[in-house]
Amino acid sequence: MTYPIKYNDEFLARVEALHVGGRDLPDYSQWIKDHMGGRVVAFRERLLPHILAFTDLSDVDVLDFGCGTGSSTVVLAEASAAGRITGVDIDAVSLQIANLRFTHHGLDNRIATRVIKPIEKAGDLDLPSEQFDFALLNGVLEHVVPFRNRSAVLLEVWRTLRPGGMLFVSETPNLVWPYDRHTTGLPLIPWLPDRWAHRISVALGRHNEEGDLESRGRRGMTFWGIVRPLRATGPVEVLNITHTGNRLFPGRPAFRPSTKRRFATAVLERGLGPILTRLGIPATALGPFIEYLCLRKPPAA
Ligand SMILES: C[S@@+](CC[C@H](N)C(=O)[O-])C[C@H]1O[C@@H](n2cnc3c(N)ncnc32)[C@H](O)[C@@H]1O
């Protein structure tokens with residue numbers, strides 16, 4: 001089997017061990033491929049151009065919150081030649097793999113990692129306030145359990161941003177959609193009570209009886225669920241609206257989206273776009289995933 005990036009055998013063994021409970025699930029081989037460089041390659045093409053549409057990362061302090069095995073962190077570090085990168089996660093095993101990844105890419109002396117405890121309330125994130133210029137939550141919020149802790153996570157990450165700092169949220173399923181494209185591939189799963197979602201997913205072979213469907217990410221977030229807690233602390237600028245014309249793809253990706261995606265993009269941007277902009281709603285608030293959402297703390301006066 002060849003993978004997108006040639007990491008060594010130890011790396012592969014650790015990635016396989018991380019997913020040992022999911023061997024029977026339909027997406028198992030895709031997960032392995034994702035960790036074996038698939039996400040790094042995809043993020044270079046599909047994530048980074050949209051971040052760079054909002055800000056220059058070359059010499060800034062960056063937090064990759066929920067960095068997991070470090071795919072997003074590598075791409076941030078590559079874009080930030082003189083920057084200082086910090087990756088944090090609650091999962092020590094993922095962070096060990098992340099550190100092997102950084103060594104492989106020659107980035108280990110530029111990235112600091114830290115195991116954190118799950119955030120439940122203000123002050124739980126052991127990082128100083130106003131330390132970072134840019135914080136990424138890529139594919140993270142949907143995995144934060146229990147659901148009620150997500151506001152505290154957002155507020156703690158927001159606290160670590162300097163005035164003018166940006167919070168970038170991406171790859172999180174949009175909870176306004178009743179179709180679970182992220183975890184089970186089944187309709188209604190995001191909207192069902194836990195017990196039913198679990199039962200149906202197990203019965204249809206999309207989840208293991210003993211596994212936790214919530215932390216696998218069956219329930220995402222809405223745009224409003226993300227900004228409301230932050231707005232309680234002060235103004236929040238939605239840069240997608242004010243800086244990049246409220247487009248679903250703020251930057252120019254190095255790939256051509258599918259016809260279906262281009263059609264949906266045209267409907268959202270050209271059809272509904274002007275109304276959404278007037279209402280202060282970014283187009284991604286209605287898409288199937290919250291993607292490339294860039295929120296800024298107003299710069300100091
Ligand atoms: C799908 S991975 C995303 C990893 C990385 N950001 C990327 O895009 O490749 C989700 C990560 O979120 C982490 N996570 C889940 N709950 C968390 C929490 N409460 N605090 C910090 N990280 C959390 C998980 O451990 C996992 O590594």
# chains A, B, ... in the order shown; residues from 1 in each chain; ligands from 1
call {"tool": "closest_atom_pairs", "arguments": {"of": "chain A", "to": "ligand 1", "cutoff": "7 Å", "atoms": "only C-alpha atoms and all ligand atoms", "output": "JSON lines"}}
result
{"residue": "A:Arg39", "atom": "CA", "partner": "ligand 1", "partner_atom_place_in_ligand_line": "9 (O)", "distance": 6.4}
{"residue": "A:Asp64", "atom": "CA", "partner": "ligand 1", "partner_atom_place_in_ligand_line": "6 (N)", "distance": 6.8}
{"residue": "A:Phe65", "atom": "CA", "partner": "ligand 1", "partner_atom_place_in_ligand_line": "21 (C)", "distance": 6.2}
{"residue": "A:Gly66", "atom": "CA", "partner": "ligand 1", "partner_atom_place_in_ligand_line": "22 (N)", "distance": 3.7}
{"residue": "A:Cys67", "atom": "CA", "partner": "ligand 1", "partner_atom_place_in_ligand_line": "6 (N)", "distance": 4.0}
{"residue": "A:Gly68", "atom": "CA", "partner": "ligand 1", "partner_atom_place_in_ligand_line": "27 (O)", "distance": 3.1}
{"residue": "A:Thr69", "atom": "CA", "partner": "ligand 1", "partner_atom_place_in_ligand_line": "4 (C)", "distance": 6.3}
{"residue": "A:Gly70", "atom": "CA", "partner": "ligand 1", "partner_atom_place_in_ligand_line": "9 (O)", "distance": 6.0}
{"residue": "A:Ser71", "atom": "CA", "partner": "ligand 1", "partner_atom_place_in_ligand_line": "9 (O)", "distance": 4.7}
{"residue": "A:Ser72", "atom": "CA", "partner": "ligand 1", "partner_atom_place_in_ligand_line": "7 (C)", "distance": 4.8}
{"residue": "A:Val88", "atom": "CA", "partner": "ligand 1", "partner_atom_place_in_ligand_line": "21 (C)", "distance": 6.8}
{"residue": "A:Asp89", "atom": "CA", "partner": "ligand 1", "partner_atom_place_in_ligand_line": "22 (N)", "distance": 4.2}
{"residue": "A:Ile90", "atom": "CA", "partner": "ligand 1", "partner_atom_place_in_ligand_line": "21 (C)", "distance": 4.8}
{"residue": "A:Asp91", "atom": "CA", "partner": "ligand 1", "partner_atom_place_in_ligand_line": "25 (O)", "distance": 4.7}
{"residue": "A:Ser94", "atom": "CA", "partner": "ligand 1", "partner_atom_place_in_ligand_line": "27 (O)", "distance": 6.2}
{"residue": "A:Ile116", "atom": "CA", "partner": "ligand 1", "partner_atom_place_in_ligand_line": "21 (C)", "distance": 6.9}
{"residue": "A:Pro118", "atom": "CA", "partner": "ligand 1", "partner_atom_place_in_ligand_line": "19 (N)", "distance": 4.5}
{"residue": "A:Ile119", "atom": "CA", "partner": "ligand 1", "partner_atom_place_in_ligand_line": "19 (N)", "distance": 5.7}
{"residue": "A:Leu137", "atom": "CA", "partner": "ligand 1", "partner_atom_place_in_ligand_line": "6 (N)", "distance": 6.3}
{"residue": "A:Asn138", "atom": "CA", "partner": "ligand 1", "partner_atom_place_in_ligand_line": "6 (N)", "distance": 4.5}
{"residue": "A:Gly139", "atom": "CA", "partner": "ligand 1", "partner_atom_place_in_ligand_line": "3 (C)", "distance": 4.7}
{"residue": "A:Val140", "atom": "CA", "partner": "ligand 1", "partner_atom_place_in_ligand_line": "12 (O)", "distance": 4.3}
{"residue": "A:His143", "atom": "CA", "partner": "ligand 1", "partner_atom_place_in_ligand_line": "15 (C)", "distance": 4.7}
{"residue": "A:Val144", "atom": "CA", "partner": "ligand 1", "partner_atom_place_in_ligand_line": "16 (N)", "distance": 3.9}
{"residue": "A:Val145", "atom": "CA", "partner": "ligand 1", "partner_atom_place_in_ligand_line": "16 (N)", "distance": 6.4}
{"residue": "A:Val153", "atom": "CA", "partner": "ligand 1", "partner_atom_place_in_ligand_line": "19 (N)", "distance": 6.9}
call {"tool": "write_last_selection", "arguments": {"atoms": "N, CA and C atoms", "output": "tab-separated table (two decimals), in the first residue's frame"}}
result
chain	number	residue	atom	x	y	z
A	39	ARG	N	-4.21	14.07	4.81
A	39	ARG	CA	-4.70	15.36	5.31
A	39	ARG	C	-3.68	16.46	5.08
A	64	ASP	N	-2.70	25.78	17.16
A	64	ASP	CA	-3.52	24.76	16.50
A	64	ASP	C	-4.19	23.97	17.60
A	65	PHE	N	-5.43	24.35	17.90
A	65	PHE	CA	-6.15	23.74	19.03
A	65	PHE	C	-6.81	22.44	18.53
A	66	GLY	N	-6.55	21.33	19.25
A	66	GLY	CA	-7.05	20.03	18.79
A	66	GLY	C	-6.27	19.59	17.57
A	67	CYS	N	-4.95	19.68	17.68
A	67	CYS	CA	-4.08	19.44	16.50
A	67	CYS	C	-4.00	17.96	16.15
A	68	GLY	N	-4.43	17.08	17.05
A	68	GLY	CA	-4.43	15.64	16.76
A	68	GLY	C	-3.06	15.14	16.36
A	69	THR	N	-2.98	14.43	15.25
A	69	THR	CA	-1.70	13.86	14.81
A	69	THR	C	-0.89	14.85	13.99
A	70	GLY	N	-1.31	16.11	13.99
A	70	GLY	CA	-0.44	17.18	13.51
A	70	GLY	C	-0.50	17.52	12.02
A	71	SER	N	-1.49	17.02	11.30
A	71	SER	CA	-1.56	17.33	9.86
A	71	SER	C	-1.78	18.83	9.65
A	72	SER	N	-2.74	19.39	10.38
A	72	SER	CA	-3.02	20.82	10.21
A	72	SER	C	-1.82	21.65	10.71
A	88	VAL	N	-1.97	21.90	20.56
A	88	VAL	CA	-2.44	21.29	21.81
A	88	VAL	C	-3.57	20.31	21.50
A	89	ASP	N	-3.67	19.29	22.36
A	89	ASP	CA	-4.73	18.29	22.20
A	89	ASP	C	-4.91	17.58	23.53
A	90	ILE	N	-6.10	16.99	23.70
A	90	ILE	CA	-6.33	16.23	24.94
A	90	ILE	C	-5.76	14.81	24.82
A	91	ASP	N	-5.41	14.40	23.62
A	91	ASP	CA	-5.01	13.02	23.39
A	91	ASP	C	-3.49	12.89	23.25
A	94	SER	N	-2.14	10.82	20.21
A	94	SER	CA	-2.13	11.56	18.94
A	94	SER	C	-0.95	12.54	18.89
A	116	ILE	N	-3.36	18.88	26.87
A	116	ILE	CA	-4.19	19.70	27.75
A	116	ILE	C	-5.31	18.85	28.35
A	118	PRO	N	-9.39	18.37	29.23
A	118	PRO	CA	-10.62	18.86	28.59
A	118	PRO	C	-11.11	20.13	29.26
A	119	ILE	N	-11.55	21.08	28.46
A	119	ILE	CA	-11.99	22.39	28.99
A	119	ILE	C	-13.47	22.33	29.35
A	137	LEU	N	-9.21	25.96	14.62
A	137	LEU	CA	-9.99	24.82	15.12
A	137	LEU	C	-10.43	24.07	13.88
A	138	ASN	N	-9.61	23.15	13.42
A	138	ASN	CA	-9.94	22.43	12.19
A	138	ASN	C	-10.42	21.02	12.51
A	139	GLY	N	-11.70	20.78	12.26
A	139	GLY	CA	-12.25	19.45	12.52
A	139	GLY	C	-12.20	19.10	14.00
A	140	VAL	N	-12.47	20.06	14.85
A	140	VAL	CA	-12.32	19.82	16.29
A	140	VAL	C	-13.66	19.91	17.05
A	143	HIS	N	-15.95	17.10	17.80
A	143	HIS	CA	-15.43	15.99	18.63
A	143	HIS	C	-15.44	16.35	20.12
A	144	VAL	N	-15.75	17.59	20.45
A	144	VAL	CA	-15.70	18.01	21.85
A	144	VAL	C	-16.96	17.52	22.56
A	145	VAL	N	-16.75	16.70	23.58
A	145	VAL	CA	-17.86	16.18	24.37
A	145	VAL	C	-17.61	16.46	25.85
A	153	VAL	N	-14.84	25.86	25.38
A	153	VAL	CA	-13.67	25.67	24.52
A	153	VAL	C	-13.47	26.91	23.65
call {"tool": "closest_atom_pairs", "arguments": {"of": "range 114-231 of chain A", "to": "range 272-291 of chain A", "cutoff": "8 Å", "atoms": "only C-alpha atoms", "output": "tab-separated table"}}
result
residue	atom	partner	partner_atom	distance
A:Val169	CA	A:Glu291	CA	6.4
A:Ser170	CA	A:Glu291	CA	4.0
A:Glu171	CA	A:Glu291	CA	5.4
A:Thr172	CA	A:Ile290	CA	5.2
A:Pro173	CA	A:Phe289	CA	4.2
A:Asn174	CA	A:Phe289	CA	4.6
A:Val176	CA	A:Leu286	CA	7.3
A:Trp177	CA	A:Pro288	CA	6.1
A:Met221	CA	A:Ile290	CA	7.7
A:Thr222	CA	A:Ala285	CA	6.7
A:Phe223	CA	A:Ala285	CA	5.1
A:Trp224	CA	A:Ala285	CA	8.0
call {"tool": "write_last_selection", "arguments": {"atoms": "N, CA and C atoms", "output": "PDB file, in the first residue's frame"}}
result
ATOM      1  N   VAL A 169     -12.346  28.634  11.999  1.00  0.00           N
ATOM      2  CA  VAL A 169     -13.044  27.367  12.248  1.00  0.00           C
ATOM      3  C   VAL A 169     -13.342  26.704  10.911  1.00  0.00           C
ATOM      4  N   SER A 170     -12.974  25.437  10.786  1.00  0.00           N
ATOM      5  CA  SER A 170     -13.216  24.755   9.522  1.00  0.00           C
ATOM      6  C   SER A 170     -13.472  23.272   9.739  1.00  0.00           C
ATOM      7  N   GLU A 171     -14.033  22.645   8.729  1.00  0.00           N
ATOM      8  CA  GLU A 171     -14.265  21.194   8.675  1.00  0.00           C
ATOM      9  C   GLU A 171     -15.206  20.694   9.765  1.00  0.00           C
ATOM     10  N   THR A 172     -16.051  21.577  10.285  1.00  0.00           N
ATOM     11  CA  THR A 172     -17.009  21.142  11.305  1.00  0.00           C
ATOM     12  C   THR A 172     -18.402  21.025  10.679  1.00  0.00           C
ATOM     13  N   PRO A 173     -19.044  19.846  10.812  1.00  0.00           N
ATOM     14  CA  PRO A 173     -20.374  19.682  10.210  1.00  0.00           C
ATOM     15  C   PRO A 173     -21.324  20.753  10.722  1.00  0.00           C
ATOM     16  N   ASN A 174     -22.166  21.234   9.805  1.00  0.00           N
ATOM     17  CA  ASN A 174     -23.107  22.290  10.157  1.00  0.00           C
ATOM     18  C   ASN A 174     -24.379  21.654  10.705  1.00  0.00           C
ATOM     19  N   VAL A 176     -27.209  22.727  11.184  1.00  0.00           N
ATOM     20  CA  VAL A 176     -28.515  23.044  10.573  1.00  0.00           C
ATOM     21  C   VAL A 176     -28.892  21.965   9.552  1.00  0.00           C
ATOM     22  N   TRP A 177     -27.926  21.136   9.143  1.00  0.00           N
ATOM     23  CA  TRP A 177     -28.209  20.065   8.182  1.00  0.00           C
ATOM     24  C   TRP A 177     -28.505  18.761   8.917  1.00  0.00           C
ATOM     25  N   MET A 221     -21.785  21.926  14.719  1.00  0.00           N
ATOM     26  CA  MET A 221     -22.150  23.204  15.349  1.00  0.00           C
ATOM     27  C   MET A 221     -22.849  24.061  14.301  1.00  0.00           C
ATOM     28  N   THR A 222     -23.646  25.012  14.766  1.00  0.00           N
ATOM     29  CA  THR A 222     -24.147  26.034  13.839  1.00  0.00           C
ATOM     30  C   THR A 222     -23.225  27.251  13.934  1.00  0.00           C
ATOM     31  N   PHE A 223     -23.298  28.114  12.926  1.00  0.00           N
ATOM     32  CA  PHE A 223     -22.551  29.376  12.985  1.00  0.00           C
ATOM     33  C   PHE A 223     -22.931  30.147  14.242  1.00  0.00           C
ATOM     34  N   TRP A 224     -24.228  30.169  14.548  1.00  0.00           N
ATOM     35  CA  TRP A 224     -24.715  30.944  15.691  1.00  0.00           C
ATOM     36  C   TRP A 224     -24.219  30.336  17.003  1.00  0.00           C
TER      37      TRP A 224
END
call {"tool": "atom_distance", "arguments": {"atom1": "CA of Val157 in chain A", "atom2": "CA of Val227 in chain A"}}
result
12.6 Å
call {"tool": "atom_distance", "arguments": {"atom1": "CA of Val93 in chain A", "atom2": "CA of Arg114 in chain A"}}
result
11.6 Å
call {"tool": "residues_around", "arguments": {"residues": "Lys33 in chain A", "least_positions_apart": "6", "cutoff": "10 Å", "atoms": "only C-alpha atoms", "output": "VMD selection string"}}
result
chain A and resid 1 to 5 12 15 39
call {"tool": "write_last_selection", "arguments": {"atoms": "N, CA and C atoms", "output": "PDB file, in the first residue's frame"}}
result
ATOM      1  N   MET A   1       0.852  -1.207   0.000  1.00  0.00           N
ATOM      2  CA  MET A   1       0.000   0.000   0.000  1.00  0.00           C
ATOM      3  C   MET A   1       0.883   1.252   0.000  1.00  0.00           C
ATOM      4  N   THR A   2       0.671   2.140  -0.945  1.00  0.00           N
ATOM      5  CA  THR A   2       1.433   3.394  -0.910  1.00  0.00           C
ATOM      6  C   THR A   2       0.531   4.504  -0.377  1.00  0.00           C
ATOM      7  N   TYR A   3       1.150   5.374   0.415  1.00  0.00           N
ATOM      8  CA  TYR A   3       0.404   6.451   1.045  1.00  0.00           C
ATOM      9  C   TYR A   3       0.880   7.797   0.514  1.00  0.00           C
ATOM     10  N   PRO A   4       0.076   8.854   0.713  1.00  0.00           N
ATOM     11  CA  PRO A   4       0.441  10.160   0.144  1.00  0.00           C
ATOM     12  C   PRO A   4       1.806  10.668   0.594  1.00  0.00           C
ATOM     13  N   ILE A   5       2.211  10.385   1.833  1.00  0.00           N
ATOM     14  CA  ILE A   5       3.542  10.795   2.301  1.00  0.00           C
ATOM     15  C   ILE A   5       4.222   9.555   2.882  1.00  0.00           C
ATOM     16  N   LEU A  12       3.453   4.339  10.829  1.00  0.00           N
ATOM     17  CA  LEU A  12       2.271   3.602  10.361  1.00  0.00           C
ATOM     18  C   LEU A  12       1.704   2.729  11.476  1.00  0.00           C
ATOM     19  N   VAL A  15      -0.216   4.864  13.884  1.00  0.00           N
ATOM     20  CA  VAL A  15      -1.484   5.324  13.301  1.00  0.00           C
ATOM     21  C   VAL A  15      -2.502   4.170  13.325  1.00  0.00           C
ATOM     22  N   ARG A  39      -4.213  14.071   4.815  1.00  0.00           N
ATOM     23  CA  ARG A  39      -4.703  15.361   5.314  1.00  0.00           C
ATOM     24  C   ARG A  39      -3.681  16.465   5.080  1.00  0.00           C
TER      25      ARG A  39
END
call {"tool": "closest_residue", "arguments": {"among": "A:Arg261, A:Leu25, A:Tyr7, A:Leu155", "to": "Ser201 in chain A", "atoms": "only C-alpha atoms"}}
result
A:Leu25
call {"tool": "select_by_dssp", "arguments": {"residues": "range 118-216 of chain A", "states": "alpha helix (DSSP H)", "output": "compact mmCIF listing (two decimals) with N, CA and C atoms, in the first residue's frame"}}
result
# COMPACT_ATOMS: atom_id res chain seq x y z
N ARG A 150 -18.63 22.97 24.57
CA ARG A 150 -18.06 23.61 23.37
C ARG A 150 -17.96 25.13 23.52
N SER A 151 -18.92 25.73 24.22
CA SER A 151 -18.84 27.18 24.43
C SER A 151 -17.60 27.53 25.23
N ALA A 152 -17.32 26.73 26.26
CA ALA A 152 -16.15 26.99 27.10
C ALA A 152 -14.87 26.84 26.28
N VAL A 153 -14.84 25.86 25.38
CA VAL A 153 -13.67 25.67 24.52
C VAL A 153 -13.47 26.91 23.65
N LEU A 154 -14.56 27.36 23.03
CA LEU A 154 -14.46 28.55 22.16
C LEU A 154 -13.99 29.77 22.95
N LEU A 155 -14.56 29.95 24.12
CA LEU A 155 -14.21 31.12 24.93
C LEU A 155 -12.76 31.08 25.40
N GLU A 156 -12.28 29.89 25.75
CA GLU A 156 -10.89 29.78 26.19
C GLU A 156 -9.92 30.04 25.04
N VAL A 157 -10.24 29.53 23.87
CA VAL A 157 -9.36 29.77 22.72
C VAL A 157 -9.40 31.26 22.37
N TRP A 158 -10.57 31.86 22.42
CA TRP A 158 -10.75 33.30 22.14
C TRP A 158 -9.92 34.14 23.11
N ARG A 159 -9.90 33.71 24.36
CA ARG A 159 -9.13 34.43 25.40
C ARG A 159 -7.65 34.49 25.06
N ASP A 194 -29.21 10.96 21.56
CA ASP A 194 -28.02 10.09 21.60
C ASP A 194 -28.33 8.62 21.40
N ARG A 195 -29.30 8.15 22.20
CA ARG A 195 -29.56 6.71 22.24
C ARG A 195 -29.99 6.19 20.87
N TRP A 196 -30.87 6.96 20.22
CA TRP A 196 -31.38 6.54 18.91
C TRP A 196 -30.31 6.63 17.84
N ALA A 197 -29.55 7.70 17.91
CA ALA A 197 -28.48 7.87 16.92
C ALA A 197 -27.51 6.68 17.02
N HIS A 198 -27.18 6.32 18.25
CA HIS A 198 -26.24 5.22 18.49
C HIS A 198 -26.82 3.90 17.96
N ARG A 199 -28.06 3.61 18.36
CA ARG A 199 -28.70 2.34 17.98
C ARG A 199 -28.77 2.17 16.47
N ILE A 200 -29.22 3.23 15.80
CA ILE A 200 -29.40 3.14 14.34
C ILE A 200 -28.04 2.99 13.65
N SER A 201 -27.05 3.75 14.12
CA SER A 201 -25.73 3.68 13.49
C SER A 201 -25.11 2.31 13.67
N VAL A 202 -25.29 1.70 14.85
CA VAL A 202 -24.74 0.36 15.07
C VAL A 202 -25.48 -0.65 14.20
N ALA A 203 -26.81 -0.54 14.18
CA ALA A 203 -27.63 -1.50 13.40
C ALA A 203 -27.25 -1.47 11.92
N LEU A 213 -20.34 7.63 19.83
CA LEU A 213 -20.70 8.30 18.57
C LEU A 213 -20.57 9.82 18.68
N GLU A 214 -20.81 10.34 19.89
CA GLU A 214 -20.70 11.80 20.09
C GLU A 214 -19.27 12.28 19.83
N SER A 215 -18.30 11.61 20.44
CA SER A 215 -16.93 12.09 20.27
C SER A 215 -16.40 11.76 18.87
N ARG A 216 -17.06 10.87 18.16
CA ARG A 216 -16.66 10.64 16.76
C ARG A 216 -17.12 11.80 15.87
call {"tool": "closest_residue", "arguments": {"among": "A:Arg46, A:His104, A:Arg162, A:His243", "to": "Pro298 in chain A", "atoms": "only C-alpha atoms"}}
result
A:Arg162
call {"tool": "select_by_dssp", "arguments": {"residues": "range 177-237 of chain A", "states": "strand (DSSP E or B)", "output": "list in words"}}
result
Tyr179, Asp180, Leu186, Pro187, Met221 and Glu237 of chain A
call {"tool": "write_last_selection", "arguments": {"atoms": "N, CA and C atoms", "output": "JSON list (two decimals), in the first residue's frame"}}
result
[["chain", "number", "residue", "atom", "x", "y", "z"],
["A", 179, "TYR", "N", -28.25, 15.78, 7.85],
["A", 179, "TYR", "CA", -27.59, 14.63, 7.24],
["A", 179, "TYR", "C", -26.16, 14.53, 7.79],
["A", 180, "ASP", "N", -25.80, 13.36, 8.29],
["A", 180, "ASP", "CA", -24.47, 13.19, 8.89],
["A", 180, "ASP", "C", -23.47, 12.72, 7.82],
["A", 186, "LEU", "N", -25.34, 8.85, 7.41],
["A", 186, "LEU", "CA", -26.77, 8.56, 7.50],
["A", 186, "LEU", "C", -27.58, 9.82, 7.73],
["A", 187, "PRO", "N", -28.84, 9.84, 7.23],
["A", 187, "PRO", "CA", -29.70, 11.00, 7.49],
["A", 187, "PRO", "C", -30.18, 11.03, 8.94],
["A", 221, "MET", "N", -21.79, 21.93, 14.72],
["A", 221, "MET", "CA", -22.15, 23.20, 15.35],
["A", 221, "MET", "C", -22.85, 24.06, 14.30],
["A", 237, "GLU", "N", -15.83, 40.31, 14.80],
["A", 237, "GLU", "CA", -15.93, 40.63, 13.37],
["A", 237, "GLU", "C", -15.95, 39.32, 12.56]]
call {"tool": "residues_around", "arguments": {"residues": "Leu48 in chain A", "least_positions_apart": "4", "cutoff": "9 Å", "atoms": "only C-alpha atoms", "output": "list in words"}}
result
Phe43, Arg44, Leu52, Ala53, Val75, Leu76, Ala79, Gly251 and Pro253 of chain A
call {"tool": "write_last_selection", "arguments": {"atoms": "N, CA and C atoms", "output": "mmCIF file, in the first residue's frame"}}
result
data_model
loop_
_atom_site.group_PDB
_atom_site.id
_atom_site.type_symbol
_atom_site.label_atom_id
_atom_site.label_comp_id
_atom_site.auth_asym_id
_atom_site.auth_seq_id
_atom_site.Cartn_x
_atom_site.Cartn_y
_atom_site.Cartn_z
ATOM 1 N N PHE A 43 -4.781 19.609 3.056
ATOM 2 C CA PHE A 43 -4.797 20.926 3.722
ATOM 3 C C PHE A 43 -3.942 21.947 2.993
ATOM 4 N N ARG A 44 -2.843 21.464 2.386
ATOM 5 C CA ARG A 44 -2.025 22.412 1.612
ATOM 6 C C ARG A 44 -2.855 23.002 0.475
ATOM 7 N N LEU A 52 -4.941 32.045 4.032
ATOM 8 C CA LEU A 52 -4.102 33.141 3.533
ATOM 9 C C LEU A 52 -4.925 34.246 2.873
ATOM 10 N N ALA A 53 -6.186 33.956 2.567
ATOM 11 C CA ALA A 53 -7.058 35.017 2.033
ATOM 12 C C ALA A 53 -7.355 36.059 3.120
ATOM 13 N N VAL A 75 0.973 22.064 8.127
ATOM 14 C CA VAL A 75 0.634 23.018 7.060
ATOM 15 C C VAL A 75 0.737 24.457 7.577
ATOM 16 N N LEU A 76 0.335 24.687 8.817
ATOM 17 C CA LEU A 76 0.485 26.030 9.404
ATOM 18 C C LEU A 76 1.965 26.394 9.532
ATOM 19 N N ALA A 79 3.596 27.371 6.385
ATOM 20 C CA ALA A 79 3.196 28.702 5.899
ATOM 21 C C ALA A 79 3.745 29.820 6.769
ATOM 22 N N GLY A 251 -10.378 31.950 -0.499
ATOM 23 C CA GLY A 251 -9.140 31.978 -1.286
ATOM 24 C C GLY A 251 -9.318 31.218 -2.583
ATOM 25 N N PRO A 253 -8.485 27.911 -4.226
ATOM 26 C CA PRO A 253 -7.888 26.599 -3.944
ATOM 27 C C PRO A 253 -7.152 26.055 -5.160
#
call {"tool": "residues_around", "arguments": {"residues": "Val62 in chain A", "least_positions_apart": "3", "cutoff": "12 Å", "atoms": "only C-alpha atoms", "output": "ChimeraX atom specification"}}
result
/A:55-59,65,67,72-88,110-113,130-137,157,160-162,165-168
call {"tool": "atom_distance", "arguments": {"atom1": "CA of Lys117 in chain A", "atom2": "CA of Asp212 in chain A"}}
result
18.7 Å
call {"tool": "residues_around", "arguments": {"residues": "Leu100 in chain A", "least_positions_apart": "4", "cutoff": "10 Å", "atoms": "only C-alpha atoms", "output": "number ranges by chain"}}
result
A: 7-8, 10-11, 14, 69-70, 95-96, 104-108
call {"tool": "write_last_selection", "arguments": {"atoms": "N, CA and C atoms", "output": "PDB file, in the first residue's frame"}}
result
ATOM      1  N   TYR A   7       5.913   8.200   5.446  1.00  0.00           N
ATOM      2  CA  TYR A   7       6.391   8.171   6.825  1.00  0.00           C
ATOM      3  C   TYR A   7       6.956   6.777   7.069  1.00  0.00           C
ATOM      4  N   ASN A   8       7.669   6.585   8.200  1.00  0.00           N
ATOM      5  CA  ASN A   8       8.310   5.280   8.404  1.00  0.00           C
ATOM      6  C   ASN A   8       7.341   4.254   9.010  1.00  0.00           C
ATOM      7  N   GLU A  10       7.308   2.769  11.882  1.00  0.00           N
ATOM      8  CA  GLU A  10       6.869   3.036  13.256  1.00  0.00           C
ATOM      9  C   GLU A  10       5.669   3.975  13.242  1.00  0.00           C
ATOM     10  N   PHE A  11       5.742   4.956  12.365  1.00  0.00           N
ATOM     11  CA  PHE A  11       4.648   5.925  12.249  1.00  0.00           C
ATOM     12  C   PHE A  11       3.349   5.206  11.845  1.00  0.00           C
ATOM     13  N   ARG A  14       1.878   3.167  14.636  1.00  0.00           N
ATOM     14  CA  ARG A  14       1.196   4.000  15.653  1.00  0.00           C
ATOM     15  C   ARG A  14      -0.151   4.503  15.150  1.00  0.00           C
ATOM     16  N   THR A  69      -2.981  14.430  15.247  1.00  0.00           N
ATOM     17  CA  THR A  69      -1.702  13.856  14.813  1.00  0.00           C
ATOM     18  C   THR A  69      -0.895  14.855  13.992  1.00  0.00           C
ATOM     19  N   GLY A  70      -1.309  16.115  13.990  1.00  0.00           N
ATOM     20  CA  GLY A  70      -0.438  17.179  13.509  1.00  0.00           C
ATOM     21  C   GLY A  70      -0.503  17.518  12.024  1.00  0.00           C
ATOM     22  N   LEU A  95      -0.679  13.171  20.022  1.00  0.00           N
ATOM     23  CA  LEU A  95       0.432  14.135  20.046  1.00  0.00           C
ATOM     24  C   LEU A  95       1.788  13.457  19.845  1.00  0.00           C
ATOM     25  N   GLN A  96       1.922  12.210  20.317  1.00  0.00           N
ATOM     26  CA  GLN A  96       3.181  11.473  20.056  1.00  0.00           C
ATOM     27  C   GLN A  96       3.349  11.272  18.549  1.00  0.00           C
ATOM     28  N   HIS A 104       9.632  14.176  10.842  1.00  0.00           N
ATOM     29  CA  HIS A 104       9.722  13.763   9.431  1.00  0.00           C
ATOM     30  C   HIS A 104       9.796  14.983   8.504  1.00  0.00           C
ATOM     31  N   HIS A 105       9.027  16.010   8.821  1.00  0.00           N
ATOM     32  CA  HIS A 105       8.978  17.200   7.952  1.00  0.00           C
ATOM     33  C   HIS A 105      10.048  18.236   8.307  1.00  0.00           C
ATOM     34  N   GLY A 106      10.909  17.896   9.285  1.00  0.00           N
ATOM     35  CA  GLY A 106      11.970  18.835   9.676  1.00  0.00           C
ATOM     36  C   GLY A 106      11.419  20.068  10.381  1.00  0.00           C
ATOM     37  N   LEU A 107      10.292  19.902  11.070  1.00  0.00           N
ATOM     38  CA  LEU A 107       9.653  21.064  11.708  1.00  0.00           C
ATOM     39  C   LEU A 107       9.658  20.966  13.236  1.00  0.00           C
ATOM     40  N   ASP A 108      10.297  19.907  13.761  1.00  0.00           N
ATOM     41  CA  ASP A 108      10.167  19.655  15.207  1.00  0.00           C
ATOM     42  C   ASP A 108      10.730  20.774  16.070  1.00  0.00           C
TER      43      ASP A 108
END
call {"tool": "closest_residue", "arguments": {"among": "A:Val40, A:Cys294, A:Leu175, A:Ile32", "to": "Ile189 in chain A", "atoms": "only C-alpha atoms"}}
result
A:Leu175
call {"tool": "closest_residue", "arguments": {"among": "A:Gly123, A:Arg23, A:Arg262, A:Arg252", "to": "Pro49 in chain A", "atoms": "only C-alpha atoms"}}
result
A:Arg252
